[in-house]
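Participant: My structure is stored as work_34.txt, with compact mmCIF, C-alpha atoms.
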# COMPACT_ATOMS: atom_id res chain seq x y z
CA MET A 1 -16.18 20.44 14.46
CA ASN A 2 -12.96 19.83 16.31
CA ARG A 3 -14.71 20.17 19.63
CA THR A 4 -17.40 17.72 18.60
CA LEU A 5 -14.69 15.23 17.74
CA LEU A 6 -12.95 15.70 21.05
CA VAL A 7 -16.17 15.22 22.97
CA ALA A 8 -16.84 12.09 20.98
CA LEU A 9 -13.31 10.90 21.72
CA SER A 10 -13.62 11.50 25.44
CA PHE A 11 -16.74 9.41 25.42
CA CYS A 12 -14.98 6.62 23.57
CA MET A 13 -12.11 6.77 26.02
CA ALA A 14 -14.45 6.48 28.98
CA ILE A 15 -16.04 3.30 27.70
CA ALA A 16 -12.92 1.68 26.33
CA VAL A 17 -10.33 2.66 28.86
CA ALA A 18 -8.78 -0.79 29.19
CA GLN A 19 -8.23 -1.31 25.49
CA PRO A 20 -6.12 0.42 22.89
CA VAL A 21 -8.28 3.31 21.79
CA VAL A 22 -8.60 4.01 18.11
CA ALA A 23 -11.28 6.58 17.46
CA GLN A 24 -13.50 5.61 14.58
CA ASP A 25 -15.39 8.03 12.43
CA ALA A 26 -17.35 7.75 9.23
CA ALA A 27 -14.52 9.00 7.05
CA PRO A 28 -11.37 6.85 6.87
CA ASP A 29 -9.26 9.97 7.31
CA SER A 30 -10.44 10.53 10.83
CA LYS A 31 -9.18 7.32 12.43
CA ILE A 32 -7.33 9.36 14.96
CA VAL A 33 -5.20 7.68 17.59
CA VAL A 34 -5.57 8.72 21.21
CA PRO A 35 -2.55 7.96 23.43
CA MET A 36 -3.09 5.50 26.28
CA GLU A 37 -4.23 6.76 29.66
CA ALA A 38 -2.87 3.71 31.41
CA LEU A 39 -0.13 1.30 30.45
CA PRO A 40 -1.03 -2.29 29.62
CA ARG A 41 0.50 -5.06 31.72
CA TYR A 42 4.02 -5.69 30.62
CA GLY A 43 6.81 -7.97 31.71
CA SER A 44 9.75 -6.32 30.07
CA LEU A 45 10.95 -3.55 27.83
CA VAL A 46 12.71 -3.53 24.51
CA SER A 47 15.16 -1.02 25.98
CA ALA A 48 16.23 -3.67 28.49
CA TRP A 49 16.99 -6.14 25.67
CA TYR A 50 18.05 -4.23 22.59
CA LYS A 51 21.85 -3.98 22.17
CA LYS A 52 22.26 -5.65 25.55
CA PRO A 53 24.62 -8.49 26.43
CA VAL A 54 23.35 -12.00 27.10
CA TYR A 55 25.27 -14.28 29.45
CA ASP A 56 25.50 -18.00 29.96
CA LEU A 57 24.83 -19.58 33.34
CA ASN A 58 28.45 -19.06 34.37
CA ASP A 59 28.18 -15.28 33.79
CA LYS A 60 30.22 -15.54 30.62
CA LYS A 61 29.02 -13.31 27.83
CA VAL A 62 27.46 -15.24 24.96
CA GLY A 63 26.71 -12.29 22.73
CA VAL A 64 24.78 -9.06 22.22
CA ILE A 65 21.18 -8.68 21.05
CA THR A 66 21.21 -6.84 17.73
CA ASP A 67 17.57 -7.23 16.75
CA MET A 68 14.23 -8.79 17.66
CA LEU A 69 11.77 -10.20 15.15
CA PHE A 70 8.07 -9.75 15.66
CA SER A 71 4.91 -10.78 13.95
CA GLY A 72 1.46 -9.43 14.76
CA GLY A 73 3.03 -7.62 17.69
CA GLU A 74 4.57 -10.78 19.09
CA ILE A 75 8.31 -11.08 19.51
CA ASN A 76 9.25 -14.52 18.31
CA ALA A 77 13.00 -14.42 17.88
CA VAL A 78 16.02 -12.53 19.11
CA MET A 79 19.07 -12.07 16.89
CA LEU A 80 22.24 -12.46 18.90
CA ASP A 81 25.70 -11.46 17.73
CA VAL A 82 27.90 -14.22 19.10
CA GLY A 83 31.01 -13.34 17.11
CA GLY A 84 32.92 -12.00 20.07
CA PHE A 85 32.02 -15.03 22.17
CA LEU A 86 33.31 -17.35 19.46
CA GLY A 87 36.38 -15.21 18.82
CA ILE A 88 35.37 -14.42 15.23
CA GLY A 89 34.27 -11.17 13.58
CA ALA A 90 30.48 -11.28 13.71
CA LYS A 91 28.05 -14.13 13.68
CA HIS A 92 24.37 -13.71 14.33
CA VAL A 93 22.27 -16.59 15.55
CA ALA A 94 18.52 -16.65 16.13
CA ILE A 95 17.19 -17.51 19.57
CA PRO A 96 13.54 -18.08 20.47
CA ALA A 97 12.58 -15.08 22.61
CA ASN A 98 11.23 -17.40 25.28
CA ASP A 99 14.64 -18.97 25.83
CA ILE A 100 16.19 -15.80 27.14
CA VAL A 101 15.66 -15.38 30.85
CA VAL A 102 15.48 -11.93 32.43
CA THR A 103 16.72 -11.44 35.94
CA GLU A 104 18.47 -8.64 37.76
CA LYS A 105 22.04 -8.20 38.88
CA ASN A 106 23.38 -5.15 40.69
CA ASN A 107 20.06 -3.42 40.10
CA LYS A 108 20.33 -3.86 36.34
CA THR A 109 18.62 -6.19 33.92
CA TRP A 110 20.61 -9.37 33.38
CA LEU A 111 19.81 -11.60 30.44
CA THR A 112 20.83 -15.23 30.42
CA ILE A 113 20.68 -18.11 28.01
CA ASN A 114 21.57 -21.69 28.74
CA THR A 115 23.70 -22.70 25.80
CA THR A 116 27.23 -23.72 24.96
CA LYS A 117 29.96 -22.44 22.69
CA ALA A 118 29.88 -25.71 20.73
CA ILE A 119 26.15 -25.39 20.02
CA VAL A 120 26.42 -21.73 19.00
CA LYS A 121 29.36 -22.50 16.75
CA LYS A 122 27.39 -25.13 14.89
CA ALA A 123 24.24 -22.98 14.67
CA THR A 124 22.91 -21.38 11.49
CA GLY A 125 24.28 -17.87 10.96
CA TYR A 126 22.18 -14.92 9.73
CA LYS A 127 23.01 -11.58 8.19
CA TYR A 128 20.84 -8.48 7.94
CA ASP A 129 20.00 -7.45 4.40
CA ALA A 130 19.52 -3.68 4.64
CA LYS A 131 17.92 -3.49 1.20
CA GLU A 132 15.24 -6.02 1.95
CA HIS A 133 14.95 -5.19 5.65
CA ALA A 134 15.23 -8.84 6.43
CA TRP A 135 17.57 -11.29 8.08
CA LYS A 136 18.99 -13.83 5.66
CA LYS A 137 20.65 -17.15 6.25
CA VAL A 138 24.39 -17.09 5.65
CA GLN A 139 25.25 -19.88 3.26
CA MET B 140 27.36 -36.39 26.47
CA LEU B 141 26.71 -33.40 24.25
CA LYS B 142 24.32 -35.41 22.13
CA HIS B 143 22.45 -36.25 25.30
CA ILE B 144 21.94 -32.61 26.15
CA ILE B 145 20.71 -31.78 22.68
CA VAL B 146 18.20 -34.59 22.80
CA ALA B 147 16.98 -33.37 26.18
CA ALA B 148 16.69 -29.85 24.82
CA SER B 149 14.63 -30.96 21.84
CA VAL B 150 12.23 -32.77 24.12
CA THR B 151 11.93 -29.67 26.27
CA PHE B 152 11.28 -27.58 23.18
CA ALA B 153 8.47 -29.84 22.10
CA ALA B 154 6.88 -29.80 25.52
CA PHE B 155 7.05 -26.03 25.89
CA ALA B 156 6.43 -25.09 22.30
CA ALA B 157 3.33 -23.03 23.05
CA ALA B 158 4.29 -21.65 26.44
CA PRO B 159 7.01 -19.23 27.51
CA VAL B 160 10.03 -21.28 28.49
CA CYS B 161 11.65 -20.24 31.71
CA ALA B 162 14.65 -22.25 32.74
CA GLN B 163 13.94 -23.61 36.15
CA GLN B 164 16.71 -23.60 38.66
CA ALA B 165 16.45 -27.32 39.39
CA GLU B 166 16.56 -28.34 35.74
CA SER B 167 18.67 -25.52 34.39
CA GLU B 168 21.51 -27.89 33.55
CA THR B 169 19.44 -29.86 31.08
CA ILE B 170 17.47 -27.14 29.27
CA VAL B 171 20.16 -26.19 26.82
CA VAL B 172 19.05 -23.74 24.15
CA VAL B 173 19.79 -24.55 20.53
CA PRO B 174 19.62 -21.55 18.16
CA LEU B 175 16.99 -21.62 15.42
CA GLU B 176 17.85 -23.27 12.13
CA LYS B 177 15.08 -21.34 10.44
CA LEU B 178 13.63 -17.95 11.25
CA PRO B 179 9.97 -17.80 12.27
CA VAL B 180 7.59 -15.78 10.11
CA TYR B 181 7.92 -12.14 11.06
CA GLY B 182 6.43 -8.89 9.86
CA SER B 183 8.92 -6.47 11.27
CA VAL B 184 12.09 -6.06 13.28
CA VAL B 185 12.62 -4.05 16.44
CA SER B 186 15.60 -2.30 14.87
CA ALA B 187 13.19 -0.63 12.42
CA TRP B 188 11.15 0.77 15.33
CA TYR B 189 13.43 1.43 18.25
CA LYS B 190 14.75 5.01 18.52
CA GLN B 191 13.18 5.79 15.14
CA PRO B 192 11.14 8.86 14.17
CA VAL B 193 7.34 8.64 13.87
CA TYR B 194 5.46 10.92 11.48
CA ASP B 195 1.88 12.07 11.12
CA PRO B 196 0.02 11.44 7.84
CA ASN B 197 1.29 14.83 6.57
CA GLU B 198 4.89 13.69 7.07
CA LYS B 199 5.44 15.97 10.01
CA LYS B 200 7.58 14.37 12.69
CA LEU B 201 5.62 13.66 15.88
CA GLY B 202 8.43 12.21 17.93
CA THR B 203 10.83 9.31 18.39
CA THR B 204 10.15 5.86 19.77
CA ALA B 205 11.91 5.57 23.10
CA ASP B 206 10.83 2.11 24.19
CA MET B 207 8.45 -0.77 23.55
CA LEU B 208 6.60 -2.67 26.26
CA PHE B 209 6.08 -6.39 25.99
CA SER B 210 4.26 -8.88 28.14
CA ALA B 211 5.62 -12.14 29.52
CA ASP B 212 4.37 -14.03 26.47
CA GLY B 213 6.39 -11.78 24.17
CA SER B 214 3.57 -9.59 22.85
CA ILE B 215 4.53 -5.98 22.27
CA ASN B 216 1.57 -3.99 23.53
CA ALA B 217 2.70 -0.39 23.68
CA VAL B 218 5.25 1.96 22.21
CA MET B 219 6.63 4.81 24.29
CA LEU B 220 7.00 7.88 22.14
CA ASP B 221 8.95 11.01 23.03
CA VAL B 222 6.84 13.85 21.62
CA GLY B 223 8.52 16.65 23.57
CA GLY B 224 10.29 18.18 20.62
CA PHE B 225 7.13 18.18 18.54
CA LEU B 226 5.21 19.95 21.29
CA GLY B 227 8.02 22.43 21.85
CA ILE B 228 8.78 21.19 25.34
CA GLY B 229 11.78 19.33 26.70
CA VAL B 230 10.75 15.69 26.87
CA LYS B 231 7.33 14.12 27.05
CA HIS B 232 6.75 10.41 26.71
CA ILE B 233 3.34 9.09 25.84
CA ALA B 234 2.12 5.53 25.26
CA ILE B 235 0.69 4.41 21.93
CA PRO B 236 -0.88 1.02 21.19
CA VAL B 237 1.59 -0.75 18.91
CA SER B 238 -1.19 -1.55 16.43
CA ALA B 239 -1.87 2.18 15.93
CA ILE B 240 1.53 2.73 14.33
CA THR B 241 1.82 1.86 10.67
CA ILE B 242 5.10 0.81 9.11
CA THR B 243 5.72 1.49 5.44
CA GLN B 244 8.78 2.35 3.39
CA LYS B 245 10.11 5.58 2.01
CA ASN B 246 13.34 5.94 0.03
CA ASN B 247 14.12 2.34 0.83
CA LYS B 248 13.92 2.98 4.57
CA SER B 249 11.28 2.15 7.17
CA TRP B 250 8.75 4.91 7.75
CA LEU B 251 6.53 4.91 10.84
CA THR B 252 3.23 6.76 10.76
CA LEU B 253 0.76 7.64 13.49
CA ASN B 254 -2.51 9.42 12.85
CA THR B 255 -2.98 11.77 15.77
CA THR B 256 -3.18 15.47 16.55
CA LYS B 257 -1.11 17.89 18.57
CA GLU B 258 -4.07 18.56 20.89
CA LEU B 259 -4.42 14.89 21.73
CA LEU B 260 -0.70 14.54 22.41
CA LYS B 261 -0.75 17.61 24.60
CA LYS B 262 -3.62 16.25 26.67
CA ALA B 263 -2.22 12.72 26.84
CA THR B 264 -0.90 11.09 29.99
CA ALA B 265 2.86 11.49 30.27
CA TYR B 266 5.15 8.73 31.51
CA LYS B 267 8.63 8.72 32.92
CA PHE B 268 11.14 5.90 33.09
CA ASP B 269 12.12 5.01 36.64
CA LYS B 270 15.65 3.65 36.49
CA ALA B 271 15.51 2.20 39.98
CA THR B 272 12.48 0.02 39.26
CA GLY B 273 13.05 -0.33 35.53
CA LEU B 274 9.43 0.68 34.90
CA TRP B 275 7.57 3.43 33.12
CA ASP B 276 5.40 5.40 35.56
CA PRO B 277 2.68 7.94 34.83
CA ILE B 278 3.68 11.44 35.83
Translate this file's structure into structure tokens.
Facilitator:
Amino acid sequence: MNRTLLVALSFCMAIAVAQPVVAQDAAPDSKIVVPMEALPRYGSLVSAWYKKPVYDLNDKKVGVITDMLFSGGEINAVMLDVGGFLGIGAKHVAIPANDIVVTEKNNKTWLTINTTKAIVKKATGYKYDAKEHAWKKVQ
Amino acid sequence: MLKHIIVAASVTFAAFAAAPVCAQQAESETIVVVPLEKLPVYGSVVSAWYKQPVYDPNEKKLGTTADMLFSADGSINAVMLDVGGFLGIGVKHIAIPVSAITITQKNNKSWLTLNTTKELLKKATAYKFDKATGLWDPI
């Protein structure tokens, strides 16, 4: 039985090599995931963003990425702790993911955002609610 | 002066709403980013996925997420999973389509599930992170 399944899976993999492969079977229990044989095209990595500093155009640190929000697999916002930059304890602001530019500096990923202290200071602050697993506006 | 910049930024936002916004060198002075006043709709947060354990449907740990790949438009398309411990070997990273991992909750904490088998993980293509290029390469 197991061998039959594997043969069936290999066949599926051969015809669907470019797409995420989810093996289908009659029973819902047997929707078994096969790891990818090739990586999809990608522009960046979460590991290069998560908990990483973001700088302004003058190489001054604006803040640190503390989280990224995604919907349907699409990252649509980055939560940035700008507290240090503003000289206060902690303040998280939300930045559209597209507004952070990835480059390299000294062979390492370098994230930049074109903003100002005044704008960040005025911006809406958010706080993570661990119970609800959600970011909430700070009133 | 500041008001001017904000107005310019809003216009830029409107024009680039659907496309990834990359600050161009020539115009970088005027594309000033204003943090979001409202969060976009999101289904999950990277902090609930990154460096978190992933279990099979029988609640046996398969591995830990080590990275997430995303394309230039911000779509997460693969999750790199370290399954070495589960297989009884040092480290082995495999790639899983992000849609194949299910997020639920258990004891008020996020719980990631992947329906796969040890045999499939054993046979799967392994990847290694190349620090010099910042890319995941098949081994």
Participant: Restricting the calculation to only C-alpha atoms, which member of B:Asp206, B:Asp212, B:Asp276, B:Glu258 is positioned closest to B:Ile235?
Facilitator: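 Of all the options, B:Asp206 lies closest to B:Ile235.
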Participant: For a quick check of understanding, using only C-alpha atoms, which of A:Ser44, A:Gly73, A:Lys131, A:Thr103 has the smallest distance to B:Lys245?
Facilitator: A:Lys131
Participant: Neighbouring residues of stretch 228-232 of chain B were defined as those with any atom within 6 Å, considering only C-alpha atoms; residues of the same chain fewer than 5 positions away were excluded. Please report them as number ranges by chain.
Facilitator: B: 220-223, 265-266
Participant: Can you check which residues of chain B have any atom within 6 Å of chain A? Use all atoms listed in the file and format it as a ChimeraX atom specification.
Facilitator: /B:159-160,171-172,174-176,181-186,206-211,213-215,234-236,254-255,263-264
Participant: So which residues touch B:Asp195 within 6 Å, counting all atoms listed in the file, skipping near sequence neighbours fewer than 4 positions away, as a list in words?
Facilitator: Lys199, Thr252, Leu253 and Asn254 of chain B
Participant: If I take atom CA of B:Thr272 and atom CA of A:Asp56, how far is one from the other in Å, to one decimal?
Facilitator: 24.1 Å
Participant: Please, what distance in Å, to one decimal, runs between atom CA of B:Met219 and atom CA of B:Thr204?
Facilitator: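 Computing it gives 5.8 Å between the two atoms.
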Participant: Restricting the calculation to only C-alpha atoms: of B:Gly224, B:Pro192, B:Gly202, B:Gly273, which residue gets closest to B:Lys248?
Facilitator: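 With only C-alpha atoms as the atom set, the closest residue is B:Pro192.
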Participant: Identify, on the basis of all atoms listed in the file, every residue whose closest approach to A:Lys61 does not exceed 9 Å; exclude the query and any residue fewer than 3 positions from it along the same chain; express the result as a PyMOL selection string.
Facilitator: chain A and resi 53-56+58+64+82+84-85+112
Participant: In Å, how far is it from atom CA of B:Ile278 to atom CA of B:Ala205?
Facilitator: 16.3 Å
Participant: Looking at all atoms listed in the file, which of B:Ala217, B:Trp275, B:Val193, B:Val237 is the one that sits closest to B:Leu251?
Facilitator: B:Val193
Participant: Edge lengths and centre in Å to one decimal, as lines of an AutoDock Vina configuration file, of the axis-aligned box that encloses all listed atoms of stretch 251-255 of chain B with 8 Å added on every side?
Facilitator:
center_x = 1.8
center_y = 8.3
center_z = 13.3
size_x = 25.5
size_y = 22.9
size_z = 21.0
